[in-house]
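Below: the structure, in structure tokens.
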Amino acid sequence: MFGSFQLKLVLIKLKPYWKTINPKHSQNTKNQIPLTEDLKLGLNLWNSRFVEAMARVRNKKKKVFMKPVVKKNQPSVDHITGNKIPKSFVFSRGKLPGPLRQLQMDLRKLMLPHTALNLKEKKRNNLKDFLNVAGPMGVTHFLILSKTATAPFLRVGRTPQGPTLTFKINEYSLAVDIAQSQLRPRCPQDLFKNPPLIVLSGFGTGDQHLKLTTIMFQNIFPAIDINTVKLSSCQRIVLLNYNKDTKLIDFRHYSIRLQPVGVSRRIRKIVQNHQVPDLRNLQDVSDFVTKVGYGSESEADDEAATVTLANDLGRINKASTKSAAKLQEIGPRMTLQLIKIEEGLCSGGVIFSEYGNGDGKKKQDKEDTDENEEDMDEDQEDIEEDPEGEAED
């Protein structure tokens, strides 16, 4: 077999005669060399050897090693408490208008990181399809949005056997609307790396349906251990407030931020951003801190909103110092009304109904079915006795 160097020599020798050997590249037909059989065999052999040599050169090129990307799966059990981490699916049933579609995406973002943010749903999917996928993925709760001719509804169900709480959405505001209404909206990228805290207010009235609502919302988010929880992971809070008079639930979503007490806003910006301020119009550095009207003074701190940190949090908030806890709404915002509680997942007996006593209705249905069964048994006995009477006749 020819080497690459020998092929180059052959190519150089044949180059002056190529136009005379190949009629396609020759304009002067008088100088053409007749193609004999030996010359044809030599050209074919050279072509085949040249192709083999070029293939070997290509194979000698270094291959780039690509490191495989390993996708980290989220743990299903909390390594501190040992409890199962609740996960959720947020999807819709039926066709939703544009604002409700955006509300669905806001709810998915609220339930992060233990939810399917890019869950794909199709028209032909039914509830059983989601249940079949939920089991292997460890999904424990469903949040289902729907729209009727009267109002939109939100169903919160526990998989796979229920119960299911149905809420009527009287009013709602999207996260975009809340951000546009604020002077300085705050939503950093790492805000949704940890699940939110849950705070329930006004649900301790002793009613059975409110107890079920409390248990449902407490279990929809992971539980925390006060002794081992990291302050850096507590960045969001979900607040649910029940009003006894109106029987409505105010649903709010806030971000938590801590600010050191007694430090002006200008100083906090310097420490956080590491940027040199513009001091060209000032005679001294002290004017930047003390000049009235230039730097905004520290906001009035409420004693009830101040906390003493157990460990350092960020560059400004140090341990054993007082910091003011401030909440800023990030949305979505909803006003909910509990309509119905079902035993199963979107099915089963009605435990509570806003438009009627669910327990009484259930008992009445049982009594009606018992009476119907007794009537059927009596009719069956009469049917069995009649043939005997006919036979005696």
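All residue names refer to the structure tokens as shown: chains lettered A, B, ... in order, residues numbered from 1 in each chain, ligands numbered from 1 in order.
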_Need to verify the contact set: region 227-240 of chain A, 10 Å, only C-alpha atoms, exclusion of same-chain residues closer than 2 positions in sequence. Can you return it as a PyMOL selection string?_
chain A and resi 80-81+110+190-203+214+217+221+224-225+242-243+249-258+309-314+327-331+334-336
Atoms to include: N, CA and C atoms. Write the selected residues as a compact mmCIF listing (two decimals), in the first residue's frame.
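New file out-v4.txt:
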# COMPACT_ATOMS: atom_id res chain seq x y z
N ILE A 80 -32.98 15.64 56.88
CA ILE A 80 -32.94 16.09 58.28
C ILE A 80 -34.13 15.55 59.06
N THR A 81 -35.33 15.81 58.56
CA THR A 81 -36.53 15.36 59.27
C THR A 81 -36.90 13.93 58.95
N LEU A 110 -44.72 29.50 42.04
CA LEU A 110 -44.87 29.59 43.49
C LEU A 110 -44.53 28.27 44.16
N ASP A 190 -32.40 33.62 42.43
CA ASP A 190 -32.30 32.51 43.38
C ASP A 190 -33.42 32.51 44.41
N LEU A 191 -34.47 33.26 44.16
CA LEU A 191 -35.57 33.35 45.12
C LEU A 191 -36.39 32.06 45.16
N PHE A 192 -36.39 31.30 44.07
CA PHE A 192 -37.25 30.13 43.98
C PHE A 192 -36.46 28.82 44.09
N LYS A 193 -35.25 28.90 44.62
CA LYS A 193 -34.47 27.67 44.81
C LYS A 193 -34.95 26.86 46.01
N ASN A 194 -35.62 27.50 46.93
CA ASN A 194 -36.10 26.83 48.15
C ASN A 194 -37.62 27.01 48.25
N PRO A 195 -38.31 26.05 48.86
CA PRO A 195 -39.77 26.17 48.99
C PRO A 195 -40.15 27.28 49.96
N PRO A 196 -41.35 27.82 49.82
CA PRO A 196 -41.78 28.90 50.72
C PRO A 196 -42.25 28.37 52.06
N LEU A 197 -42.30 29.28 53.02
CA LEU A 197 -42.92 29.00 54.31
C LEU A 197 -44.42 29.21 54.19
N ILE A 198 -45.19 28.54 55.04
CA ILE A 198 -46.65 28.66 55.01
C ILE A 198 -47.13 29.20 56.35
N VAL A 199 -47.98 30.22 56.30
CA VAL A 199 -48.55 30.83 57.49
C VAL A 199 -50.07 30.86 57.31
N LEU A 200 -50.79 30.28 58.26
CA LEU A 200 -52.26 30.24 58.23
C LEU A 200 -52.81 31.07 59.37
N SER A 201 -53.77 31.91 59.07
CA SER A 201 -54.36 32.81 60.07
C SER A 201 -55.88 32.74 59.99
N GLY A 202 -56.52 32.64 61.15
CA GLY A 202 -57.98 32.66 61.23
C GLY A 202 -58.65 31.33 60.99
N PHE A 203 -57.91 30.22 60.91
CA PHE A 203 -58.51 28.92 60.64
C PHE A 203 -58.83 28.14 61.91
N THR A 214 -56.77 23.43 56.72
CA THR A 214 -55.48 23.67 57.37
C THR A 214 -54.51 22.53 57.13
N PHE A 217 -53.21 22.50 53.35
CA PHE A 217 -52.21 23.50 52.99
C PHE A 217 -50.92 23.32 53.79
N PHE A 221 -46.63 21.93 51.42
CA PHE A 221 -45.27 22.44 51.43
C PHE A 221 -44.43 21.62 52.41
N ILE A 224 -40.50 22.19 58.16
CA ILE A 224 -39.17 22.69 58.53
C ILE A 224 -38.90 22.37 59.98
N ASP A 225 -37.64 22.21 60.31
CA ASP A 225 -37.19 22.02 61.68
C ASP A 225 -36.54 23.32 62.13
N TYR A 242 -58.11 33.66 56.77
CA TYR A 242 -59.54 33.35 56.65
C TYR A 242 -60.36 34.41 57.40
N ASN A 243 -61.35 34.95 56.71
CA ASN A 243 -62.25 35.95 57.29
C ASN A 243 -63.56 35.27 57.67
N ILE A 249 -60.96 33.52 51.80
CA ILE A 249 -59.56 33.27 52.13
C ILE A 249 -58.70 34.17 51.25
N ASP A 250 -57.88 35.00 51.90
CA ASP A 250 -56.93 35.86 51.18
C ASP A 250 -55.62 35.10 51.00
N PHE A 251 -55.24 34.92 49.75
CA PHE A 251 -54.03 34.17 49.39
C PHE A 251 -52.98 35.18 48.93
N ARG A 252 -51.84 35.23 49.64
CA ARG A 252 -50.77 36.17 49.32
C ARG A 252 -49.43 35.45 49.27
N HIS A 253 -48.51 35.99 48.46
CA HIS A 253 -47.18 35.42 48.28
C HIS A 253 -46.17 36.54 48.41
N TYR A 254 -45.25 36.44 49.39
CA TYR A 254 -44.29 37.50 49.70
C TYR A 254 -42.87 36.97 49.61
N SER A 255 -41.95 37.89 49.39
CA SER A 255 -40.52 37.61 49.53
C SER A 255 -40.03 38.23 50.83
N ILE A 256 -39.10 37.55 51.49
CA ILE A 256 -38.57 37.99 52.78
C ILE A 256 -37.18 38.57 52.57
N ARG A 257 -36.94 39.71 53.14
CA ARG A 257 -35.60 40.29 53.12
C ARG A 257 -35.30 40.90 54.48
N LEU A 258 -34.06 40.78 54.89
CA LEU A 258 -33.60 41.29 56.18
C LEU A 258 -32.68 42.49 55.96
N LEU A 309 -30.43 37.73 64.80
CA LEU A 309 -29.99 36.60 63.99
C LEU A 309 -29.09 35.68 64.79
N ALA A 310 -29.25 34.37 64.55
CA ALA A 310 -28.42 33.37 65.22
C ALA A 310 -27.09 33.16 64.49
N ASN A 311 -27.07 33.40 63.18
CA ASN A 311 -25.83 33.27 62.41
C ASN A 311 -25.82 34.32 61.31
N ASP A 312 -24.68 34.43 60.64
CA ASP A 312 -24.52 35.44 59.60
C ASP A 312 -25.41 35.14 58.41
N LEU A 313 -25.95 36.20 57.81
CA LEU A 313 -26.78 36.07 56.62
C LEU A 313 -26.39 37.16 55.64
N GLY A 314 -25.59 36.80 54.65
CA GLY A 314 -25.14 37.79 53.68
C GLY A 314 -23.97 38.61 54.20
N LEU A 327 -41.37 42.33 54.28
CA LEU A 327 -42.05 41.51 53.28
C LEU A 327 -42.41 42.37 52.08
N GLN A 328 -42.20 41.80 50.89
CA GLN A 328 -42.58 42.46 49.65
C GLN A 328 -43.35 41.48 48.79
N GLU A 329 -44.53 41.87 48.39
CA GLU A 329 -45.40 40.96 47.65
C GLU A 329 -44.85 40.73 46.24
N ILE A 330 -44.85 39.46 45.83
CA ILE A 330 -44.38 39.10 44.49
C ILE A 330 -45.47 38.41 43.67
N GLY A 331 -46.59 38.06 44.30
CA GLY A 331 -47.71 37.48 43.57
C GLY A 331 -47.54 36.00 43.31
N MET A 334 -54.82 36.02 45.30
CA MET A 334 -56.13 35.45 45.04
C MET A 334 -57.05 35.64 46.25
N THR A 335 -58.33 35.71 45.96
CA THR A 335 -59.37 35.68 46.99
C THR A 335 -60.22 34.44 46.73
N LEU A 336 -60.14 33.47 47.64
CA LEU A 336 -60.75 32.17 47.45
C LEU A 336 -61.95 31.99 48.36
*Find the spatial neighbours of Leu96 (chain A), counting only C-alpha atoms, within a cut-off of 12 Å - ignore same-chain residues fewer than 3 positions away - and output them as number ranges by chain.*
A: 91-93, 99-104, 123, 144-149, 151-153
Just-selected residues, N, CA and C atoms written as a short mmCIF file (atom, residue, chain, number, x, y, z; two decimals), in the first residue's frame:
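Printed below is out_1.cif as written:
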data_model
loop_
_atom_site.label_atom_id
_atom_site.label_comp_id
_atom_site.auth_asym_id
_atom_site.auth_seq_id
_atom_site.Cartn_x
_atom_site.Cartn_y
_atom_site.Cartn_z
N PHE A 91 -51.95 21.97 36.79
CA PHE A 91 -52.43 21.85 35.41
C PHE A 91 -53.88 22.32 35.36
N SER A 92 -54.47 22.25 34.18
CA SER A 92 -55.83 22.76 33.97
C SER A 92 -56.69 21.67 33.36
N ARG A 93 -57.98 21.83 33.52
CA ARG A 93 -58.96 20.96 32.89
C ARG A 93 -59.89 21.85 32.08
N PRO A 99 -55.38 35.17 30.75
CA PRO A 99 -54.99 35.52 32.13
C PRO A 99 -54.93 34.31 33.06
N LEU A 100 -55.85 33.36 32.91
CA LEU A 100 -55.81 32.17 33.76
C LEU A 100 -54.63 31.28 33.40
N ARG A 101 -54.24 31.26 32.14
CA ARG A 101 -53.03 30.53 31.76
C ARG A 101 -51.80 31.12 32.45
N GLN A 102 -51.75 32.43 32.52
CA GLN A 102 -50.64 33.08 33.21
C GLN A 102 -50.71 32.82 34.71
N LEU A 103 -51.93 32.77 35.27
CA LEU A 103 -52.08 32.43 36.68
C LEU A 103 -51.58 31.01 36.95
N GLN A 104 -51.80 30.11 36.02
CA GLN A 104 -51.30 28.74 36.16
C GLN A 104 -49.77 28.73 36.21
N LYS A 123 -55.00 17.97 25.19
CA LYS A 123 -56.45 17.95 25.35
C LYS A 123 -56.97 16.55 25.66
N ILE A 144 -55.54 22.04 40.31
CA ILE A 144 -56.24 21.98 39.04
C ILE A 144 -57.04 23.27 38.86
N LEU A 145 -56.79 23.96 37.76
CA LEU A 145 -57.53 25.17 37.42
C LEU A 145 -58.57 24.83 36.36
N SER A 146 -59.74 25.45 36.48
CA SER A 146 -60.81 25.26 35.51
C SER A 146 -61.62 26.54 35.42
N LYS A 147 -62.40 26.65 34.35
CA LYS A 147 -63.19 27.86 34.10
C LYS A 147 -64.57 27.44 33.62
N THR A 148 -65.59 27.98 34.28
CA THR A 148 -66.96 27.78 33.87
C THR A 148 -67.54 29.10 33.38
N ALA A 149 -68.81 29.09 33.08
CA ALA A 149 -69.46 30.32 32.61
C ALA A 149 -69.62 31.34 33.71
N ALA A 151 -67.52 31.47 36.92
CA ALA A 151 -66.29 31.90 37.59
C ALA A 151 -65.21 30.84 37.40
N PRO A 152 -63.95 31.20 37.62
CA PRO A 152 -62.88 30.20 37.63
C PRO A 152 -62.81 29.47 38.97
N PHE A 153 -62.28 28.25 38.96
CA PHE A 153 -62.22 27.42 40.16
C PHE A 153 -60.82 26.84 40.29
#
_So that I can check the secondary structure, give me every residue of region 66-278 of chain A assigned strand (DSSP E) by backbone DSSP, as a PyMOL selection string._
chain A and resi 88-92+141-147+152-158+164-173+197-201+236-243+248-260
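Nearest residue to Asn241 (chain A) among A:Gly204, A:Gly157, A:Pro188, A:Pro332 is A:Gly204, counting only C-alpha atoms.
Taking CA of Ile85 (chain A) and CA of Phe167 (chain A) as the two end points, the separation is 24.4 Å.
Between CA of Gln283 (chain A) and CA of Gln259 (chain A) lies a distance of 28.9 Å.
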*Between A:Asp106, A:Glu121, A:Asp207, A:Glu343, single out the one closest to Val176 (chain A), counting only C-alpha atoms.*
A:Asp106
*Can you pull out every residue within 7 Å of region 86-90 of chain A, counting only C-alpha atoms, but drop anything in the same chain fewer than 5 positions away, and send it as a ChimeraX atom specification?*
/A:104,108,114-116,138-144,220-222
Written file, previous selection with C-alpha atoms, as an mmCIF file, in the first residue's frame:
data_model
loop_
_atom_site.group_PDB
_atom_site.id
_atom_site.type_symbol
_atom_site.label_atom_id
_atom_site.label_comp_id
_atom_site.auth_asym_id
_atom_site.auth_seq_id
_atom_site.Cartn_x
_atom_site.Cartn_y
_atom_site.Cartn_z
ATOM 1 C CA GLN A 104 -51.304 28.743 36.162
ATOM 2 C CA ARG A 108 -46.176 26.652 39.192
ATOM 3 C CA HIS A 114 -40.826 20.661 44.052
ATOM 4 C CA THR A 115 -43.124 20.964 41.044
ATOM 5 C CA ALA A 116 -43.055 20.445 37.283
ATOM 6 C CA GLY A 138 -43.594 10.932 43.943
ATOM 7 C CA VAL A 139 -46.196 13.637 43.294
ATOM 8 C CA THR A 140 -48.468 14.070 46.319
ATOM 9 C CA HIS A 141 -50.786 16.968 45.375
ATOM 10 C CA PHE A 142 -52.686 18.241 42.354
ATOM 11 C CA LEU A 143 -53.617 21.890 41.790
ATOM 12 C CA ILE A 144 -56.237 21.981 39.039
ATOM 13 C CA ILE A 220 -48.609 20.843 50.468
ATOM 14 C CA PHE A 221 -45.268 22.444 51.432
ATOM 15 C CA PRO A 222 -42.274 20.728 53.107
#
